[in-house]
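The structure file coords-v5.cif is reproduced below (mmCIF, C-alpha atoms).
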data_start
loop_
_atom_site.label_atom_id
_atom_site.label_comp_id
_atom_site.auth_asym_id
_atom_site.auth_seq_id
_atom_site.Cartn_x
_atom_site.Cartn_y
_atom_site.Cartn_z
CA GLN N 1 0.10 13.85 -14.30
CA VAL N 2 1.01 10.71 -12.37
CA GLN N 3 -1.69 8.11 -11.90
CA LEU N 4 -1.64 5.33 -9.33
CA VAL N 5 -3.96 2.37 -9.83
CA GLU N 6 -4.45 -0.12 -7.02
CA SER N 7 -5.69 -3.66 -7.49
CA GLY N 8 -5.83 -6.94 -5.64
CA GLY N 9 -8.33 -6.15 -2.92
CA GLY N 10 -11.22 -8.41 -2.07
CA LEU N 11 -12.89 -10.57 0.54
CA VAL N 12 -10.81 -13.10 2.43
CA GLN N 13 -11.22 -15.15 5.57
CA ALA N 14 -9.17 -14.45 8.67
CA GLY N 15 -5.76 -16.06 8.36
CA GLY N 16 -5.76 -15.73 4.60
CA SER N 17 -3.58 -13.70 2.26
CA LEU N 18 -3.93 -11.03 -0.38
CA ARG N 19 -1.44 -9.17 -2.53
CA LEU N 20 -2.15 -5.60 -3.45
CA SER N 21 -0.55 -3.94 -6.46
CA CYS N 22 -0.07 -0.26 -7.20
CA ALA N 23 0.80 0.47 -10.80
CA ALA N 24 2.18 3.94 -11.52
CA SER N 25 1.91 5.73 -14.85
CA GLY N 26 5.38 7.19 -14.31
CA ARG N 27 8.74 5.76 -13.35
CA ILE N 28 8.62 4.91 -9.66
CA VAL N 29 12.36 5.43 -9.35
CA SER N 30 11.56 9.13 -9.67
CA PHE N 31 9.65 9.08 -6.40
CA ASN N 32 11.31 9.68 -3.06
CA GLY N 33 9.04 7.10 -1.56
CA MET N 34 5.89 5.09 -1.98
CA GLY N 35 3.56 3.65 0.56
CA TRP N 36 0.33 1.96 1.44
CA TYR N 37 -2.21 3.56 3.73
CA ARG N 38 -5.56 2.31 4.95
CA GLN N 39 -8.75 3.85 6.18
CA ALA N 40 -11.49 2.02 8.01
CA PRO N 41 -15.01 3.50 8.24
CA GLY N 42 -15.10 6.40 10.66
CA LYS N 43 -11.35 6.32 11.22
CA GLN N 44 -8.34 8.26 10.03
CA ARG N 45 -6.19 7.19 7.13
CA ASN N 46 -3.01 5.68 8.54
CA LEU N 47 0.29 4.47 7.17
CA VAL N 48 0.56 0.70 6.74
CA ALA N 49 3.94 0.40 5.05
CA SER N 50 6.34 2.50 3.04
CA ILE N 51 9.40 2.00 0.89
CA THR N 52 11.98 4.55 -0.18
CA SER N 53 13.68 4.86 -3.54
CA ARG N 54 16.64 3.04 -2.00
CA GLY N 55 14.45 0.19 -0.79
CA SER N 56 14.30 1.02 2.91
CA THR N 57 11.02 -0.09 4.43
CA ASN N 58 8.88 0.97 7.34
CA TYR N 59 5.81 -0.73 8.82
CA ALA N 60 3.06 0.08 11.23
CA ASP N 61 3.43 -1.94 14.42
CA SER N 62 0.09 -3.62 13.80
CA VAL N 63 1.28 -5.26 10.57
CA LYS N 64 4.93 -6.02 11.32
CA GLY N 65 5.73 -9.64 10.60
CA ARG N 66 2.54 -10.10 8.55
CA PHE N 67 2.79 -7.59 5.69
CA THR N 68 5.62 -7.04 3.24
CA ILE N 69 6.04 -4.09 0.92
CA SER N 70 8.15 -4.43 -2.20
CA ARG N 71 8.74 -2.69 -5.50
CA ASP N 72 9.48 -3.68 -9.08
CA ASN N 73 11.08 -0.70 -10.76
CA ALA N 74 10.95 -2.33 -14.19
CA LYS N 75 7.17 -2.66 -13.90
CA ASN N 76 6.69 0.65 -12.07
CA THR N 77 4.69 -1.24 -9.48
CA VAL N 78 4.68 -1.45 -5.70
CA TYR N 79 3.20 -4.44 -3.92
CA LEU N 80 1.83 -5.16 -0.48
CA GLN N 81 1.82 -8.82 0.45
CA MET N 82 -0.60 -9.32 3.32
CA ASP N 83 -0.51 -12.59 5.22
CA SER N 84 -2.27 -13.80 8.37
CA LEU N 85 -5.01 -11.28 7.78
CA LYS N 86 -7.24 -10.27 10.66
CA PRO N 87 -10.73 -8.75 10.70
CA GLU N 88 -9.19 -5.52 11.97
CA ASP N 89 -7.25 -5.24 8.71
CA THR N 90 -10.54 -4.49 6.96
CA ALA N 91 -10.26 -1.09 5.29
CA VAL N 92 -9.84 0.72 2.02
CA TYR N 93 -6.16 0.56 1.09
CA TYR N 94 -4.59 3.47 -0.74
CA CYS N 95 -1.31 3.78 -2.57
CA ARG N 96 0.69 6.97 -2.20
CA ALA N 97 3.74 8.28 -4.03
CA ASN N 98 5.67 11.42 -3.31
CA ARG N 99 8.49 13.48 -4.71
CA VAL N 100 9.65 16.96 -3.78
CA GLY N 101 6.67 19.26 -4.15
CA SER N 102 4.22 16.59 -5.26
CA ASP N 103 2.01 14.02 -3.60
CA TYR N 104 -0.10 11.44 -5.44
CA TRP N 105 -2.81 9.05 -4.28
CA GLY N 106 -4.61 6.16 -5.89
CA GLN N 107 -8.36 5.63 -5.77
CA GLY N 108 -8.18 2.86 -3.18
CA THR N 109 -9.04 -0.81 -3.09
CA GLN N 110 -11.32 -2.47 -0.53
CA VAL N 111 -9.97 -5.25 1.66
CA THR N 112 -12.49 -7.12 3.78
CA VAL N 113 -11.43 -9.83 6.22
CA SER N 114 -14.20 -12.02 7.59
CA SER N 115 -13.93 -13.76 10.95
#
The structure in this file should be written as structure tokens.
Amino acid sequence: QVQLVESGGGLVQAGGSLRLSCAASGRIVSFNGMGWYRQAPGKQRNLVASITSRGSTNYADSVKGRFTISRDNAKNTVYLQMDSLKPEDTAVYYCRANRVGSDYWGQGTQVTVSS
């Protein structure tokens, strides 16, 4: 069973930065893709950024130019560098990994941006 463990969340002022990490118990090269999603209270869980096994990336319009997703295959870890944070970025951030027939989620990490 694959486990994904997120870390790096916290409280930061607007304009600040955080780096989230998602450590996988398995080899991330075995996944078709990995991504970060977020869910604010009372809202749907939405894609923030994703990265394929070949390194292609995709971002939500709201974070383009501010967030960067990357992966370290040797460490089986995916990162989300978040810069120029805004109060509207406040949410629980979840890591997701998928391969054919399987879908895995982490437990989430809280990010709170104060104005």
Rank N:Gln107, N:Thr90, N:Asn98, N:Asn58 by their smallest atom-to-atom distance to Val12 (chain N), using all atoms listed in the file, and report the top residue only. N:Thr90
Taking 6 positions as the minimum chain separation for residues in the same chain, which residues sit within 9 Å of Ser115 (chain N) when counting all atoms listed in the file? Answer as number ranges by chain. N: 13-15, 86-87
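Between CA of Leu18 (chain N) and CA of Ser102 (chain N) the separation is 29.2 Å.
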Could you name the residues that touch Ser17 (chain N) at 7 Å or less, counting all atoms listed in the file, but leaving out those on the same chain fewer than 2 positions away, as a PyMOL selection string? chain N and resi 15+19+82-85
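The gap separating CA of Val29 (chain N) from CA of Ala91 (chain N) is 27.7 Å, in Å to one decimal.
Selection by the PyMOL selection byres ((chain N and resi 75) around 12) on the present file picks out N:Ser21, N:Cys22, N:Ala23, N:Ala24, N:Ser25, N:Gly26, N:Arg27, N:Ile28, N:Val29, N:Ser70, N:Arg71, N:Asp72, N:Asn73, N:Ala74, N:Asn76, N:Thr77, N:Val78, N:Tyr79.
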Those same residues - C-alpha atoms - I'd like them written as a PDB file, in the frame of the given file.
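The resulting file, result_15.pdb, is shown below:
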ATOM      1  CA  SER N  21      -0.550  -3.940  -6.460  1.00  0.00           C
ATOM      2  CA  CYS N  22      -0.070  -0.260  -7.200  1.00  0.00           C
ATOM      3  CA  ALA N  23       0.800   0.470 -10.800  1.00  0.00           C
ATOM      4  CA  ALA N  24       2.180   3.940 -11.520  1.00  0.00           C
ATOM      5  CA  SER N  25       1.910   5.730 -14.850  1.00  0.00           C
ATOM      6  CA  GLY N  26       5.380   7.190 -14.310  1.00  0.00           C
ATOM      7  CA  ARG N  27       8.740   5.760 -13.350  1.00  0.00           C
ATOM      8  CA  ILE N  28       8.620   4.910  -9.660  1.00  0.00           C
ATOM      9  CA  VAL N  29      12.360   5.430  -9.350  1.00  0.00           C
ATOM     10  CA  SER N  70       8.150  -4.430  -2.200  1.00  0.00           C
ATOM     11  CA  ARG N  71       8.740  -2.690  -5.500  1.00  0.00           C
ATOM     12  CA  ASP N  72       9.480  -3.680  -9.080  1.00  0.00           C
ATOM     13  CA  ASN N  73      11.080  -0.700 -10.760  1.00  0.00           C
ATOM     14  CA  ALA N  74      10.950  -2.330 -14.190  1.00  0.00           C
ATOM     15  CA  ASN N  76       6.690   0.650 -12.070  1.00  0.00           C
ATOM     16  CA  THR N  77       4.690  -1.240  -9.480  1.00  0.00           C
ATOM     17  CA  VAL N  78       4.680  -1.450  -5.700  1.00  0.00           C
ATOM     18  CA  TYR N  79       3.200  -4.440  -3.920  1.00  0.00           C
TER      19      TYR N  79
END
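Minimum atom-to-atom distance to Arg45 (chain N), evaluated using only C-alpha atoms, belongs to N:Tyr93 out of N:Tyr93, N:Tyr59, N:Glu88, N:Gly33.
With the shown file loaded, the PyMOL selection byres ((chain N and resi 96) around 9) picks out N:Leu4, N:Cys22, N:Gly33, N:Met34, N:Gly35, N:Trp36, N:Tyr37, N:Ser50, N:Tyr94, N:Cys95, N:Ala97, N:Asn98, N:Asp103, N:Tyr104, N:Trp105, N:Gly106.
For the pair CA of Gln3 (chain N) and CA of Gln81 (chain N), the interatomic distance is 21.2 Å.
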Residues picked by the PyMOL selection byres ((chain N and resi 92) around 7) here, as a CSV table (one decimal) with C-alpha atoms, in the coordinates of the input?
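The result, written out as part-v3.csv:
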chain,number,residue,atom,x,y,z
N,38,ARG,CA,-5.6,2.3,5.0
N,39,GLN,CA,-8.8,3.8,6.2
N,40,ALA,CA,-11.5,2.0,8.0
N,91,ALA,CA,-10.3,-1.1,5.3
N,93,TYR,CA,-6.2,0.6,1.1
N,94,TYR,CA,-4.6,3.5,-0.7
N,108,GLY,CA,-8.2,2.9,-3.2
N,109,THR,CA,-9.0,-0.8,-3.1
N,110,GLN,CA,-11.3,-2.5,-0.5
N,111,VAL,CA,-10.0,-5.2,1.7
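Using only C-alpha atoms, the smallest distance between any of N:Asp89, N:Asn32, N:Glu6, N:Ser56 and Thr112 (chain N) comes from N:Asp89.
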Quick one: of N:Val113, N:Arg99, N:Leu20, N:Thr68, who's nearest to Val2 (chain N), counting only C-alpha atoms? N:Arg99
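Of the residues under consideration (N:Val5, N:Val48, N:Leu11, N:Val100), N:Val48 shows the shortest atom-to-atom contact distance to Val63 (chain N) when counting only C-alpha atoms.
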Can you tell me, as lines of an AutoDock Vina configuration file, the centre and edge lengths (Å, one decimal) of the axis-aligned box enclosing all of region 56-63 of chain N's listed atoms after padding each side by 3 Å?
center_x = 7.2
center_y = -2.1
center_z = 8.7
size_x = 20.2
size_y = 12.3
size_z = 17.5
Using all atoms listed in the file, the shortest atom-to-atom distance to Phe67 (chain N) among N:Gly16, N:Pro41, N:Ser53, N:Ser30 belongs to N:Gly16
